[in-house]
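Have a look at the structure below before the remarks.
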Amino acid sequence: MKEIGIGLLGFGTVGAGVVEGIQKNSHLIARRLGVRLALRRVADLDLESDRGVRVDPAIMTRNAREAIHDPSVDVVVELIGGTGVARDFIRESIEAGKPVVTANKALLAEHGRELFELAARKGVPMGFEASVGGGIPIIRALREGLVADRINAIFGILNGTCNYILTRMEQENLAFDDALVAAQKEGYAEANPGLDIDGHDTAHKAAVLATLAFGSAVPLRNIVVRGIRGLAKADMDYALGLGYRVKLLAVIRRRGAALDIRVHPALLPLDHVLSSVSGVYNAILIESDMAGRTLYYGRGAGRLPTASAVLSDISSIARAICFDGRRALPSLPRLSDRGLRIAGAAQSESRFYLRMTLSDRPGVLGRLATILGRHNVSIASVLQQEGRSGRCVPVVILTHRAKERDVGRAVALIDRLRLVGSRTVSLRIED
């Protein structure tokens, strides 16, 4: 039986999962593929730590270039992370004519166009299924399953850490900080969780999906990003009482000749298909012209789910090398300079949830409504708890559709009023 040699760069959590998958399911993979996957080289700066899997010390190295240029290595798997040396090693592998598999969403978000174009020029396949959604085959769905469809919109819960925190806050009545500590204790959040809770991890994944779905490289600086850091439990409770649930959502939507792409907490109706996604699970909803609405759901991170996606790409490349007579995966993204422009966030429209803390005095709501009306923001409903006269009470307003710029300007004026006790909380509603 033919063998395909694997060179693994990075022996961390996912790298160890890839080794475990090859060792545990080697016979299953060989039977399904007709090809045996053989681990030829493992490169990592740390060769001593116990990863829970056994690797022949003879194939271990601290020098990644030894793995890349080893003649017995047919496919290079980059699991180092980051956008520095990982980029250099991928370029070097492609220049050497070796197919590459990566799970590096940050690298693809920042340098994907450069790497895709280099791989296309060299005729070298590049697999990146594991970069978005962990074990969810969303990249393959866009590259193959929906290749004949015009994609109109993508909505995604793409970060398991944030979804776990929001689930714990809702189900166990925890404040944000307490839910974050719980996530860290369970191993679902890093000691420094900023990349996750500030929305940047989700933005990287959204950029990769937008590139595939719409054929335009999306600069990260053009994505509006707001995370869940400091989200108040009160807003989740009010949302539930109004028939909504708060989720950190990636929204990628075609708007005429422009692309609206953003990441932020949003209120979803309780009967929305994404509203019930809980814990560390991810889900992606795609709207396209022919298939309609399709949903992709599963574990979005973790050692084995992500390793499963990596091994899927390795297997596709191995099959192509051995049986197709060419090194070809489904075509790499063809990016156009004349693609959709990125829509300005200020012009995007939505319904909004506004929570204000106002003095309970006559005429306050009237002044509020006047300011909103002057900025073309129409009130759909108002929820106010009964309070003592003169004291500050929370007031929740749901608006009709309005431009984000108009809502922002109105809120800025409202927050300057002496009758306002604290800054207004503003969240989008995605019906």
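We label chains A, B, ... in the order they appear in the structure tokens, count residues from 1 in each chain, and number ligands from 1 in the order shown.
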_All strand (DSSP E) positions in region 130-299 of chain A, as a ChimeraX atom specification_ = /A:151-157,224-225,244-255,258-269,281-288,292-299
Determine, using only C-alpha atoms, which residues of region 200-266 of chain A have any atom at most 12 Å from an atom of region 293-311 of chain A, and tabulate each with its shortest atom pair and distance in Å to one decimal place, rows ordered by chain and then rising number, as a Markdown table.
```
| residue | atom | partner | partner_atom | distance |
| --- | --- | --- | --- | --- |
| A:Asp201 | CA | A:Ala301 | CA | 11.7 |
| A:Thr202 | CA | A:Gly300 | CA | 11.2 |
| A:Lys205 | CA | A:Gly300 | CA | 11.1 |
```
*Suppose you want the space between CA of Asn25 (chain A) and CA of Ile6 (chain A); what is it in Å?*
15.2 Å
*Would you mind telling me which residue in A:Ala64, A:Ala266, A:Val55, A:Val75 lies nearest to Leu9 (chain A) when using only C-alpha atoms?*
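That would be A:Ala64, the residue with the smallest distance to Leu9 (chain A).
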*asked:* Would you pick out the contacts of Ala96 (chain A) at 10 Å or less, using only C-alpha atoms, so that residues sharing its chain but fewer than 2 positions from it are not included, and give the list as a list of chain:residue names?
replied: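 Once the nearby chain positions are removed, what remains is A:Ile68, A:His69, A:Ile90, A:Arg91, A:Glu92, A:Ser93, A:Ile94, A:Lys98, A:Pro99, A:Lys122, A:Val124.
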Tell me which protein, DNA and RNA residues are within 10 Å of Pro193 (chain A), counting only C-alpha atoms, leaving out same-chain ones fewer than 2 positions away, and put them as a PDB file with C-alpha atoms, in the first residue's frame.
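Saved as around.pdb:
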```pdb
ATOM      1  CA  THR A 161     -15.211  30.126  24.576  1.00  0.00           C
ATOM      2  CA  CYS A 162     -17.654  33.011  24.224  1.00  0.00           C
ATOM      3  CA  LEU A 180     -15.058  33.548  32.484  1.00  0.00           C
ATOM      4  CA  ALA A 183     -14.450  28.669  31.449  1.00  0.00           C
ATOM      5  CA  GLN A 184     -10.782  28.969  32.383  1.00  0.00           C
ATOM      6  CA  TYR A 188     -12.262  26.431  27.534  1.00  0.00           C
ATOM      7  CA  ALA A 189     -10.629  29.850  27.981  1.00  0.00           C
ATOM      8  CA  GLU A 190      -6.983  30.884  27.940  1.00  0.00           C
ATOM      9  CA  ALA A 191      -5.276  32.552  30.901  1.00  0.00           C
ATOM     10  CA  LEU A 195      -8.418  37.161  21.615  1.00  0.00           C
ATOM     11  CA  ASP A 196     -11.651  35.283  22.291  1.00  0.00           C
ATOM     12  CA  ILE A 197     -13.770  37.561  24.464  1.00  0.00           C
ATOM     13  CA  ASP A 198     -12.881  40.737  22.544  1.00  0.00           C
ATOM     14  CA  ARG A 229     -16.127  41.528  27.618  1.00  0.00           C
TER      15      ARG A 229
END
```
